[in-house]
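To start, the structure itself, in structure tokens.
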2 protein chains.
Amino acid sequence: MTRTSLARYPCPLARAADLVGDKWALLILRDALAGVRRFSDFKTRLGASTNILTERLNHLVEAGILHRKPVRPGVQRVEYHLSEKGMSLVHALLALWQWGERWTFEEGKSPVTVQARDTGEKLGPLQLQTVSGRPLSITDIEMVPTEAAPAITHQSYAALKAQKA
Amino acid sequence: MTRTSLARYPCPLARAADLVGDKWALLILRDALAGVRRFSDFKTRLGASTNILTERLNHLVEAGILHRKPVRPGVQRVEYHLSEKGMSLVHALLALWQWGERWTFEEGKSPVTVQARDTGEKLGPLQLQTVSGRPLSITDIEMVPTEAAPAITHQSYAALKAQKA
DNA sequence: AAATTTAGTTGCTTAAAGAAACTAATTGGT
DNA sequence: ACCAATTAGTTTCTTTAAGCAACTAAATTT
């Protein structure tokens with residue numbers, strides 16, 4: 001009865017969810033993107049207990065999303081830095097952020113917001129587009145299997161559960 | 001020792017994470033966006049046990065993300081439909097999806113992808129922009145407190161944990 | 001050099017995840 | 001119309017993980 005791991009599911013969303021689909025992980029990433037690096041700072045900002053925080057940070061490090069770096073050379077105390085892989089979660093975090101502003105606060109009542117660094121302008125919604133830059137609306141897209149998908153697509157994902165992490 | 005609820009945290013991301021920051025919720029939403037409506041279809045596609053699925057669907061219904069609708073008038077069997085609130089999670093889901101394609105599969109090996117419905121073109125990355133439409137890169141943005149934020153911003157979020165859901 | 005802060009580890013308790021077995025409506029076949 | 005199968009759950013039980021508290025060893029401050 002081990003906990004279901006989505007790491008091997010043949011779906012990008014499932015695999016992403018396996019790594020960051022968790023409340024604490026999302027909050028850690030929020031703070032990391034805001035520049036937080038130290039264990040104690042994460043702790044006070046999140047309010048999570050140390051064992052939980054330790055475990056989540058280790059997971060994110062194993063996943064290559066965070067990097068452990070000595071605070072100064074020669075010393076074993078570490079800071080947690082975002083890797084490129086971690087940085088590129090901004091879009092997802094920001095999308096969730098904007099959704100949260102729209103649906104979990106009254107209009108204009110969000111206590112903290114994201115804005116353009118240079119002019120302070122508010123952000124608009126993330127724009128869907130094709131690789132060539134043609135803008136799309138949310139009804140213009142569809143999920144389709146690729147050539148890389150053998151029989152699995154039309155099978156049940158349940159079969160995957162045989163292979164636990 | 002109740003589980004920490006993020007529902008009252010003064011942060012849009014925390015509140016969003018409270019509602020959808022969970023593996024099963026994300027997978028349910030993925031399938032809902034792909035057009036799945038029936039309990040049994042969710043079950044076979046997710047491979048979750050029925051009690052878990054029941055609980056998650058109920059949560060999403062309570063949160064106003066899904067709607068329960070009788071399959072036909074006069075009958076008590078229901079289908080789960082996305083509300084507008086649910087639909088507007090597309091950006092977040094798609095951002096996670098794209099991150100998953102980039103970082104959890106080899107190039108071009110994702111078995112299922114999202115594309116433009118009309119031409120089948122691949123999607124490009126979600127584009128950050130200001131309300132006026134000026135494109136921004138991920139380093140051009142910053143998190144800032146608003147006027148709606150009283151003293152709380154510089155306090156620890158830990159204090160919030162006193163108020164459990 | 002002593003006191004404090006930082007970054008954890010260990011042990012314990014409660015809550016949630018997961019499996020399996022069961023039930024009541026609804027639907028399909030003959 | 002009747003019986004079998006499917007659908008949408010509920011209930012019970014076991015295992016895993018969340019959360020708290022107390023402790024420890026480096027590093028930093030005074």
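Convention: chains lettered A, B, ... in structure tokens order; per-chain residue numbering from 1; ligands numbered from 1 as shown.
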Write down, as a JSON list (two decimals) with N, CA, C and O atoms, in the first residue's frame, each residue of chain B that has any atom within 6 Å of an atom of chain A, counting only C-alpha atoms.
```json
[["chain", "number", "residue", "atom", "x", "y", "z"],
["B", 12, "PRO", "N", -2.24, 34.75, -2.74],
["B", 12, "PRO", "CA", -3.04, 34.10, -3.79],
["B", 12, "PRO", "C", -2.51, 32.72, -4.14],
["B", 12, "PRO", "O", -3.29, 31.80, -4.41],
["B", 13, "LEU", "N", -1.19, 32.56, -4.11],
["B", 13, "LEU", "CA", -0.64, 31.25, -4.46],
["B", 13, "LEU", "C", -0.97, 30.22, -3.38],
["B", 13, "LEU", "O", -1.33, 29.08, -3.69],
["B", 16, "ALA", "N", -4.58, 29.25, -3.80],
["B", 16, "ALA", "CA", -4.74, 28.38, -4.97],
["B", 16, "ALA", "C", -4.21, 26.99, -4.65],
["B", 16, "ALA", "O", -4.86, 25.97, -4.95],
["B", 17, "ALA", "N", -3.06, 26.94, -3.99],
["B", 17, "ALA", "CA", -2.45, 25.65, -3.64],
["B", 17, "ALA", "C", -3.37, 24.88, -2.70],
["B", 17, "ALA", "O", -3.45, 23.65, -2.76],
["B", 21, "GLY", "N", -3.57, 22.31, -5.12],
["B", 21, "GLY", "CA", -2.18, 21.91, -4.97],
["B", 21, "GLY", "C", -2.06, 20.50, -4.43],
["B", 21, "GLY", "O", -1.63, 20.27, -3.31],
["B", 22, "ASP", "N", -2.45, 19.56, -5.26],
["B", 22, "ASP", "CA", -2.55, 18.18, -4.83],
["B", 22, "ASP", "C", -2.59, 17.32, -6.09],
["B", 22, "ASP", "O", -3.22, 17.67, -7.07],
["B", 23, "LYS", "N", -1.88, 16.23, -6.06],
["B", 23, "LYS", "CA", -1.74, 15.40, -7.26],
["B", 23, "LYS", "C", -3.07, 15.01, -7.88],
["B", 23, "LYS", "O", -3.31, 15.22, -9.06],
["B", 44, "THR", "N", -11.10, 5.17, -14.01],
["B", 44, "THR", "CA", -10.21, 4.32, -14.81],
["B", 44, "THR", "C", -9.01, 5.11, -15.34],
["B", 44, "THR", "O", -7.92, 4.58, -15.43],
["B", 45, "ARG", "N", -9.21, 6.37, -15.67],
["B", 45, "ARG", "CA", -8.09, 7.15, -16.20],
["B", 45, "ARG", "C", -7.08, 7.51, -15.13],
["B", 45, "ARG", "O", -5.88, 7.57, -15.39],
["B", 46, "LEU", "N", -7.55, 7.77, -13.91],
["B", 46, "LEU", "CA", -6.63, 8.14, -12.84],
["B", 46, "LEU", "C", -6.04, 6.94, -12.13],
["B", 46, "LEU", "O", -4.91, 6.97, -11.66],
["B", 47, "GLY", "N", -6.85, 5.90, -12.00],
["B", 47, "GLY", "CA", -6.39, 4.76, -11.22],
["B", 47, "GLY", "C", -6.41, 5.01, -9.72],
["B", 47, "GLY", "O", -5.73, 4.34, -8.97],
["B", 91, "HIS", "N", -4.56, 27.87, -17.75],
["B", 91, "HIS", "CA", -3.22, 28.45, -17.84],
["B", 91, "HIS", "C", -2.26, 27.72, -16.90],
["B", 91, "HIS", "O", -1.14, 27.39, -17.29],
["B", 92, "ALA", "N", -2.71, 27.51, -15.67],
["B", 92, "ALA", "CA", -1.85, 26.84, -14.70],
["B", 92, "ALA", "C", -1.54, 25.41, -15.13],
["B", 92, "ALA", "O", -0.40, 24.96, -15.09],
["B", 95, "ALA", "N", 0.78, 25.41, -18.10],
["B", 95, "ALA", "CA", 2.16, 25.77, -17.72],
["B", 95, "ALA", "C", 2.85, 24.57, -17.10],
["B", 95, "ALA", "O", 4.02, 24.28, -17.41],
["B", 96, "LEU", "N", 2.16, 23.85, -16.23],
["B", 96, "LEU", "CA", 2.74, 22.65, -15.63],
["B", 96, "LEU", "C", 3.00, 21.61, -16.70],
["B", 96, "LEU", "O", 4.01, 20.92, -16.70],
["B", 97, "TRP", "N", 2.06, 21.49, -17.62],
["B", 97, "TRP", "CA", 2.18, 20.54, -18.72],
["B", 97, "TRP", "C", 3.44, 20.80, -19.54],
["B", 97, "TRP", "O", 4.24, 19.90, -19.81],
["B", 100, "GLY", "N", 6.48, 19.98, -17.65],
["B", 100, "GLY", "CA", 6.64, 18.52, -17.64],
["B", 100, "GLY", "C", 7.20, 17.98, -18.95],
["B", 100, "GLY", "O", 8.04, 17.09, -18.96],
["B", 101, "GLU", "N", 6.73, 18.53, -20.07],
["B", 101, "GLU", "CA", 7.25, 18.10, -21.37],
["B", 101, "GLU", "C", 8.73, 18.40, -21.49],
["B", 101, "GLU", "O", 9.51, 17.59, -21.96],
["B", 109, "LYS", "N", 9.67, 13.21, -26.75],
["B", 109, "LYS", "CA", 9.23, 11.89, -26.32],
["B", 109, "LYS", "C", 7.93, 11.90, -25.52],
["B", 109, "LYS", "O", 7.49, 10.86, -25.05],
["B", 111, "PRO", "N", 4.31, 11.46, -24.77],
["B", 111, "PRO", "CA", 3.33, 10.65, -25.49],
["B", 111, "PRO", "C", 2.04, 11.41, -25.81],
["B", 111, "PRO", "O", 1.24, 10.94, -26.61],
["B", 112, "VAL", "N", 1.86, 12.53, -25.17],
["B", 112, "VAL", "CA", 0.65, 13.30, -25.44],
["B", 112, "VAL", "C", 1.00, 14.78, -25.31],
["B", 112, "VAL", "O", 1.81, 15.18, -24.48],
["B", 113, "THR", "N", 0.46, 15.57, -26.20],
["B", 113, "THR", "CA", 0.84, 16.97, -26.23],
["B", 113, "THR", "C", -0.39, 17.85, -26.43],
["B", 113, "THR", "O", -1.48, 17.36, -26.71],
["B", 114, "VAL", "N", -0.19, 19.14, -26.30],
["B", 114, "VAL", "CA", -1.29, 20.09, -26.49],
["B", 114, "VAL", "C", -0.96, 20.91, -27.72],
["B", 114, "VAL", "O", 0.19, 21.32, -27.91],
["B", 115, "GLN", "N", -1.93, 21.11, -28.57],
["B", 115, "GLN", "CA", -1.67, 21.83, -29.81],
["B", 115, "GLN", "C", -2.85, 22.73, -30.20],
["B", 115, "GLN", "O", -3.91, 22.67, -29.60],
["B", 116, "ALA", "N", -2.62, 23.56, -31.21],
["B", 116, "ALA", "CA", -3.69, 24.42, -31.72],
["B", 116, "ALA", "C", -4.73, 23.53, -32.42],
["B", 116, "ALA", "O", -4.38, 22.69, -33.24],
["B", 117, "ARG", "N", -5.99, 23.74, -32.07],
["B", 117, "ARG", "CA", -7.05, 22.88, -32.60],
["B", 117, "ARG", "C", -7.21, 23.03, -34.11],
["B", 117, "ARG", "O", -7.44, 22.04, -34.82],
["B", 122, "LYS", "N", 2.26, 23.31, -32.87],
["B", 122, "LYS", "CA", 2.72, 23.19, -31.50],
["B", 122, "LYS", "C", 2.52, 24.51, -30.77],
["B", 122, "LYS", "O", 2.53, 25.57, -31.38],
["B", 123, "LEU", "N", 2.39, 24.41, -29.44],
["B", 123, "LEU", "CA", 2.29, 25.63, -28.65],
["B", 123, "LEU", "C", 3.67, 26.12, -28.26],
["B", 123, "LEU", "O", 4.58, 25.35, -28.02],
["B", 124, "GLY", "N", 3.78, 27.42, -28.19],
["B", 124, "GLY", "CA", 4.99, 28.03, -27.62],
["B", 124, "GLY", "C", 4.77, 28.24, -26.14],
["B", 124, "GLY", "O", 3.70, 27.96, -25.62],
["B", 126, "LEU", "N", 3.89, 29.98, -22.63],
["B", 126, "LEU", "CA", 2.94, 31.01, -22.23],
["B", 126, "LEU", "C", 3.70, 32.33, -22.11],
["B", 126, "LEU", "O", 4.77, 32.38, -21.49],
["B", 127, "GLN", "N", 3.15, 33.37, -22.68],
["B", 127, "GLN", "CA", 3.86, 34.64, -22.71],
["B", 127, "GLN", "C", 3.43, 35.56, -21.57],
["B", 127, "GLN", "O", 2.25, 35.85, -21.41],
["B", 128, "LEU", "N", 4.40, 36.02, -20.77],
["B", 128, "LEU", "CA", 4.11, 37.01, -19.74],
["B", 128, "LEU", "C", 3.90, 38.36, -20.41],
["B", 128, "LEU", "O", 4.61, 38.71, -21.34],
["B", 129, "GLN", "N", 2.95, 39.10, -19.89],
["B", 129, "GLN", "CA", 2.71, 40.44, -20.44],
["B", 129, "GLN", "C", 2.05, 41.34, -19.41],
["B", 129, "GLN", "O", 1.46, 40.87, -18.44],
["B", 130, "THR", "N", 2.15, 42.63, -19.63],
["B", 130, "THR", "CA", 1.44, 43.59, -18.77],
["B", 130, "THR", "C", -0.01, 43.66, -19.23],
["B", 130, "THR", "O", -0.36, 43.12, -20.27],
["B", 131, "VAL", "N", -0.86, 44.32, -18.43],
["B", 131, "VAL", "CA", -2.25, 44.48, -18.83],
["B", 131, "VAL", "C", -2.38, 45.14, -20.19],
["B", 131, "VAL", "O", -3.30, 44.85, -20.95],
["B", 140, "ASP", "N", 11.65, 40.05, -15.53],
["B", 140, "ASP", "CA", 11.10, 41.40, -15.52],
["B", 140, "ASP", "C", 10.01, 41.62, -14.48],
["B", 140, "ASP", "O", 9.37, 42.67, -14.44],
["B", 141, "ILE", "N", 9.73, 40.60, -13.68],
["B", 141, "ILE", "CA", 8.61, 40.74, -12.74],
["B", 141, "ILE", "C", 9.07, 40.66, -11.29],
["B", 141, "ILE", "O", 10.15, 40.15, -11.00],
["B", 142, "GLU", "N", 8.25, 41.19, -10.39],
["B", 142, "GLU", "CA", 8.57, 41.13, -8.96],
["B", 142, "GLU", "C", 7.29, 41.05, -8.14],
["B", 142, "GLU", "O", 6.24, 41.50, -8.56],
["B", 143, "MET", "N", 7.41, 40.46, -6.95],
["B", 143, "MET", "CA", 6.29, 40.38, -6.02],
["B", 143, "MET", "C", 6.33, 41.58, -5.10],
["B", 143, "MET", "O", 7.37, 41.88, -4.53],
["B", 144, "VAL", "N", 5.19, 42.24, -4.96],
["B", 144, "VAL", "CA", 5.14, 43.39, -4.05],
["B", 144, "VAL", "C", 3.85, 43.39, -3.24],
["B", 144, "VAL", "O", 2.80, 42.96, -3.72],
["B", 145, "PRO", "N", 3.91, 43.89, -2.00],
["B", 145, "PRO", "CA", 2.70, 44.04, -1.19],
["B", 145, "PRO", "C", 1.82, 45.15, -1.76],
["B", 145, "PRO", "O", 2.32, 46.11, -2.35],
["B", 146, "THR", "N", 0.51, 45.04, -1.60],
["B", 146, "THR", "CA", -0.42, 46.07, -2.07],
["B", 146, "THR", "C", -0.93, 46.88, -0.89],
["B", 146, "THR", "O", -0.58, 46.60, 0.25],
["B", 148, "ALA", "N", -3.85, 46.71, 0.12],
["B", 148, "ALA", "CA", -4.74, 45.81, 0.84],
["B", 148, "ALA", "C", -3.99, 44.98, 1.89],
["B", 148, "ALA", "O", -4.59, 44.25, 2.65],
["B", 149, "ALA", "N", -2.66, 45.11, 1.91],
["B", 149, "ALA", "CA", -1.87, 44.37, 2.88],
["B", 149, "ALA", "C", -1.54, 45.24, 4.09],
["B", 149, "ALA", "O", -0.77, 46.18, 3.97],
["B", 156, "SER", "N", 5.12, 36.70, 10.15],
["B", 156, "SER", "CA", 5.30, 35.32, 9.73],
["B", 156, "SER", "C", 3.94, 34.73, 9.38],
["B", 156, "SER", "O", 2.93, 35.03, 10.01],
["B", 157, "TYR", "N", 3.94, 33.88, 8.36],
["B", 157, "TYR", "CA", 2.70, 33.23, 8.01],
["B", 157, "TYR", "C", 2.27, 32.25, 9.09],
["B", 157, "TYR", "O", 1.13, 31.84, 9.15],
["B", 158, "ALA", "N", 3.22, 31.90, 9.93],
["B", 158, "ALA", "CA", 2.94, 30.90, 10.95],
["B", 158, "ALA", "C", 1.76, 31.29, 11.82],
["B", 158, "ALA", "O", 0.98, 30.44, 12.26]]
```
Per-residue nearest contacts of chain B to chain D (12 Å; only C-alpha atoms (C1' of nucleotides)) as a tab-separated table:
```
residue	atom	partner	partner_atom	distance
B:Met1	CA	D:DG19	C1'	6.0
B:Thr2	CA	D:DG19	C1'	7.8
B:Arg3	CA	D:DA18	C1'	6.8
B:Thr4	CA	D:DG19	C1'	8.5
B:Ser5	CA	D:DA18	C1'	11.9
B:Arg38	CA	D:DT7	C1'	9.2
B:Phe39	CA	D:DA8	C1'	6.8
B:Ser40	CA	D:DT7	C1'	6.9
B:Asp41	CA	D:DT7	C1'	10.2
B:Phe42	CA	D:DA8	C1'	11.6
B:Lys43	CA	D:DA8	C1'	10.6
B:Ser49	CA	D:DG9	C1'	11.3
B:Thr50	CA	D:DG9	C1'	7.6
B:Asn51	CA	D:DT10	C1'	8.1
B:Ile52	CA	D:DG9	C1'	11.2
B:Leu53	CA	D:DG9	C1'	10.0
B:Thr54	CA	D:DG9	C1'	7.5
B:Glu55	CA	D:DG9	C1'	10.7
B:Leu57	CA	D:DG9	C1'	11.8
B:Asn58	CA	D:DG9	C1'	11.8
B:Val71	CA	D:DT7	C1'	12.0
B:Gln76	CA	D:DA8	C1'	10.2
B:Arg77	CA	D:DA8	C1'	7.5
B:Val78	CA	D:DA8	C1'	8.5
B:Glu79	CA	D:DA8	C1'	10.2
B:Lys161	CA	D:DG19	C1'	11.8
```
For the selection just defined, write its residues with C-alpha atoms to a file, as a short mmCIF file (atom, residue, chain, number, x, y, z; two decimals), in the first residue's frame.
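The new file part-v4.cif reads:
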```
data_model
loop_
_atom_site.label_atom_id
_atom_site.label_comp_id
_atom_site.auth_asym_id
_atom_site.auth_seq_id
_atom_site.Cartn_x
_atom_site.Cartn_y
_atom_site.Cartn_z
CA MET B 1 -2.84 18.31 15.14
CA THR B 2 -5.15 18.98 12.23
CA ARG B 3 -3.65 19.27 8.80
CA THR B 4 -2.52 22.78 7.86
CA SER B 5 -5.05 24.63 5.74
CA ARG B 38 -18.27 10.69 -15.40
CA PHE B 39 -17.12 9.19 -12.14
CA SER B 40 -16.17 5.91 -13.74
CA ASP B 41 -14.15 7.59 -16.48
CA PHE B 42 -12.17 9.57 -13.95
CA LYS B 43 -11.63 6.41 -11.99
CA SER B 49 -9.47 4.30 -5.44
CA THR B 50 -13.11 5.25 -5.25
CA ASN B 51 -13.02 6.71 -1.76
CA ILE B 52 -10.16 9.05 -2.69
CA LEU B 53 -11.83 10.04 -5.94
CA THR B 54 -15.14 10.68 -4.20
CA GLU B 55 -13.47 12.90 -1.64
CA LEU B 57 -14.51 15.43 -6.46
CA ASN B 58 -16.52 16.61 -3.46
CA VAL B 71 -26.98 13.20 -16.42
CA GLN B 76 -30.07 11.36 -9.62
CA ARG B 77 -26.94 10.09 -11.32
CA VAL B 78 -24.58 13.00 -11.88
CA GLU B 79 -21.82 14.25 -14.12
CA LYS B 161 -2.00 28.56 11.52
#
```
Give me, as a list in words, the contact residues of chain C against chain B at a cut-off of 12 Å, counting only C-alpha atoms (C1' of nucleotides).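 Residues passing the distance filter: DT13, DT14, DA15, DA16, DA17, DG18, DA19, DA20, DA24, DA25, DT26 and DT27 of chain C.
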Take the residues from that selection and write them out as a PDB file, in the first residue's frame, keeping N, CA and C atoms (P, O5', C5', C4', C3', O3' and C1' of nucleotides).
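The result, written out as again22.pdb:
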```
ATOM      1  P    DT C  13       2.742   8.206  21.549  1.00  0.00           P
ATOM      2  O5'  DT C  13       1.939   9.238  20.652  1.00  0.00           O
ATOM      3  C5'  DT C  13       1.735  10.588  21.109  1.00  0.00           C
ATOM      4  C4'  DT C  13       0.812  11.310  20.140  1.00  0.00           C
ATOM      5  C3'  DT C  13      -0.512  10.585  19.864  1.00  0.00           C
ATOM      6  O3'  DT C  13      -1.569  11.534  19.922  1.00  0.00           O
ATOM      7  C1'  DT C  13       0.626  10.992  17.829  1.00  0.00           C
ATOM      8  P    DT C  14      -3.102  11.065  19.683  1.00  0.00           P
ATOM      9  O5'  DT C  14      -3.433  11.581  18.219  1.00  0.00           O
ATOM     10  C5'  DT C  14      -3.446  12.990  17.966  1.00  0.00           C
ATOM     11  C4'  DT C  14      -3.582  13.227  16.476  1.00  0.00           C
ATOM     12  C3'  DT C  14      -4.892  12.752  15.863  1.00  0.00           C
ATOM     13  O3'  DT C  14      -5.318  13.788  15.001  1.00  0.00           O
ATOM     14  C1'  DT C  14      -3.083  11.856  14.672  1.00  0.00           C
ATOM     15  P    DA C  15      -6.790  13.867  14.385  1.00  0.00           P
ATOM     16  O5'  DA C  15      -6.534  13.920  12.820  1.00  0.00           O
ATOM     17  C5'  DA C  15      -5.600  14.876  12.296  1.00  0.00           C
ATOM     18  C4'  DA C  15      -5.236  14.457  10.894  1.00  0.00           C
ATOM     19  C3'  DA C  15      -6.426  14.106  10.007  1.00  0.00           C
ATOM     20  O3'  DA C  15      -6.166  14.646   8.734  1.00  0.00           O
ATOM     21  C1'  DA C  15      -4.915  12.310  10.042  1.00  0.00           C
ATOM     22  P    DA C  16      -7.361  14.956   7.692  1.00  0.00           P
ATOM     23  O5'  DA C  16      -6.828  14.312   6.336  1.00  0.00           O
ATOM     24  C5'  DA C  16      -5.492  14.572   5.916  1.00  0.00           C
ATOM     25  C4'  DA C  16      -4.937  13.338   5.248  1.00  0.00           C
ATOM     26  C3'  DA C  16      -5.775  12.817   4.078  1.00  0.00           C
ATOM     27  O3'  DA C  16      -4.890  12.665   2.987  1.00  0.00           O
ATOM     28  C1'  DA C  16      -5.140  11.052   5.489  1.00  0.00           C
ATOM     29  P    DA C  17      -5.424  12.377   1.521  1.00  0.00           P
ATOM     30  O5'  DA C  17      -4.723  10.988   1.158  1.00  0.00           O
ATOM     31  C5'  DA C  17      -3.306  10.924   1.133  1.00  0.00           C
ATOM     32  C4'  DA C  17      -2.874   9.501   0.850  1.00  0.00           C
ATOM     33  C3'  DA C  17      -3.497   8.893  -0.392  1.00  0.00           C
ATOM     34  O3'  DA C  17      -2.481   8.186  -1.078  1.00  0.00           O
ATOM     35  C1'  DA C  17      -4.028   7.571   1.516  1.00  0.00           C
ATOM     36  P    DG C  18      -2.748   7.535  -2.508  1.00  0.00           P
ATOM     37  O5'  DG C  18      -3.281   6.097  -2.113  1.00  0.00           O
ATOM     38  C5'  DG C  18      -2.358   5.183  -1.547  1.00  0.00           C
ATOM     39  C4'  DG C  18      -3.056   3.898  -1.226  1.00  0.00           C
ATOM     40  C3'  DG C  18      -3.927   3.331  -2.352  1.00  0.00           C
ATOM     41  O3'  DG C  18      -3.386   2.073  -2.716  1.00  0.00           O
ATOM     42  C1'  DG C  18      -5.027   3.217  -0.247  1.00  0.00           C
ATOM     43  P    DA C  19      -4.003   1.172  -3.880  1.00  0.00           P
ATOM     44  O5'  DA C  19      -4.783   0.043  -3.074  1.00  0.00           O
ATOM     45  C5'  DA C  19      -4.037  -0.815  -2.221  1.00  0.00           C
ATOM     46  C4'  DA C  19      -4.973  -1.794  -1.547  1.00  0.00           C
ATOM     47  C3'  DA C  19      -5.887  -2.557  -2.512  1.00  0.00           C
ATOM     48  O3'  DA C  19      -5.780  -3.944  -2.232  1.00  0.00           O
ATOM     49  C1'  DA C  19      -7.157  -1.521  -0.781  1.00  0.00           C
ATOM     50  P    DA C  20      -6.570  -5.023  -3.164  1.00  0.00           P
ATOM     51  O5'  DA C  20      -7.886  -5.338  -2.315  1.00  0.00           O
ATOM     52  C5'  DA C  20      -7.770  -5.526  -0.896  1.00  0.00           C
ATOM     53  C4'  DA C  20      -9.163  -5.693  -0.316  1.00  0.00           C
ATOM     54  C3'  DA C  20     -10.147  -6.403  -1.251  1.00  0.00           C
ATOM     55  O3'  DA C  20     -10.874  -7.355  -0.495  1.00  0.00           O
ATOM     56  C1'  DA C  20     -11.052  -4.361  -0.533  1.00  0.00           C
ATOM     57  P    DA C  24     -28.787  -1.496   0.036  1.00  0.00           P
ATOM     58  O5'  DA C  24     -29.198  -0.275  -0.898  1.00  0.00           O
ATOM     59  C5'  DA C  24     -28.651   1.014  -0.674  1.00  0.00           C
ATOM     60  C4'  DA C  24     -28.744   1.819  -1.959  1.00  0.00           C
ATOM     61  C3'  DA C  24     -30.045   1.612  -2.721  1.00  0.00           C
ATOM     62  O3'  DA C  24     -30.410   2.848  -3.285  1.00  0.00           O
ATOM     63  C1'  DA C  24     -28.247   1.056  -4.106  1.00  0.00           C
ATOM     64  P    DA C  25     -31.859   3.228  -3.799  1.00  0.00           P
ATOM     65  O5'  DA C  25     -31.623   4.550  -4.659  1.00  0.00           O
ATOM     66  C5'  DA C  25     -32.087   4.583  -5.978  1.00  0.00           C
ATOM     67  C4'  DA C  25     -30.905   4.626  -6.929  1.00  0.00           C
ATOM     68  C3'  DA C  25     -31.377   4.675  -8.377  1.00  0.00           C
ATOM     69  O3'  DA C  25     -31.051   5.953  -8.882  1.00  0.00           O
ATOM     70  C1'  DA C  25     -29.549   3.131  -8.066  1.00  0.00           C
ATOM     71  P    DT C  26     -31.893   6.613 -10.039  1.00  0.00           P
ATOM     72  O5'  DT C  26     -31.317   5.885 -11.344  1.00  0.00           O
ATOM     73  C5'  DT C  26     -29.980   6.171 -11.726  1.00  0.00           C
ATOM     74  C4'  DT C  26     -29.479   5.130 -12.696  1.00  0.00           C
ATOM     75  C3'  DT C  26     -30.277   5.013 -14.002  1.00  0.00           C
ATOM     76  O3'  DT C  26     -29.460   5.616 -15.004  1.00  0.00           O
ATOM     77  C1'  DT C  26     -29.457   2.925 -13.214  1.00  0.00           C
ATOM     78  P    DT C  27     -30.014   5.848 -16.479  1.00  0.00           P
ATOM     79  O5'  DT C  27     -29.508   4.538 -17.219  1.00  0.00           O
ATOM     80  C5'  DT C  27     -28.114   4.237 -17.209  1.00  0.00           C
ATOM     81  C4'  DT C  27     -27.876   2.893 -17.855  1.00  0.00           C
ATOM     82  C3'  DT C  27     -28.620   2.693 -19.187  1.00  0.00           C
ATOM     83  O3'  DT C  27     -27.634   2.525 -20.181  1.00  0.00           O
ATOM     84  C1'  DT C  27     -28.848   0.786 -17.755  1.00  0.00           C
TER      85       DT C  27
END
```
Figure out the distance between CA of Val36 (chain A) and CA of Pro70 (chain A), please, to one decimal in Å. 14.8 Å
Using DSSP on the backbone coordinates, identify all residues within chain A classified as strand (DSSP E); present the result as a list in words.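 Residues meeting the strand (DSSP E) criterion: Leu66, His67, Arg68, Lys69, Pro70, Val78, Glu79, Tyr80, His81, Leu82, Val112, Thr113, Val114, Gln115, Ala116, Leu128, Gln129, Pro135, Leu136, Ile141, Glu142, Met143, Val144 and Pro145 of chain A.
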Report the residues of chain A whose backbone DSSP state falls under helix (DSSP H, G or I), written as a ChimeraX atom specification. /A:12-20,23-33,39-46,50-62,84-87,90-104,138-140,152-154,157-162
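Taking CA of Gly74 (chain A) and C1' of DT10 (chain C) as the two end points, the separation is 28.0 Å.
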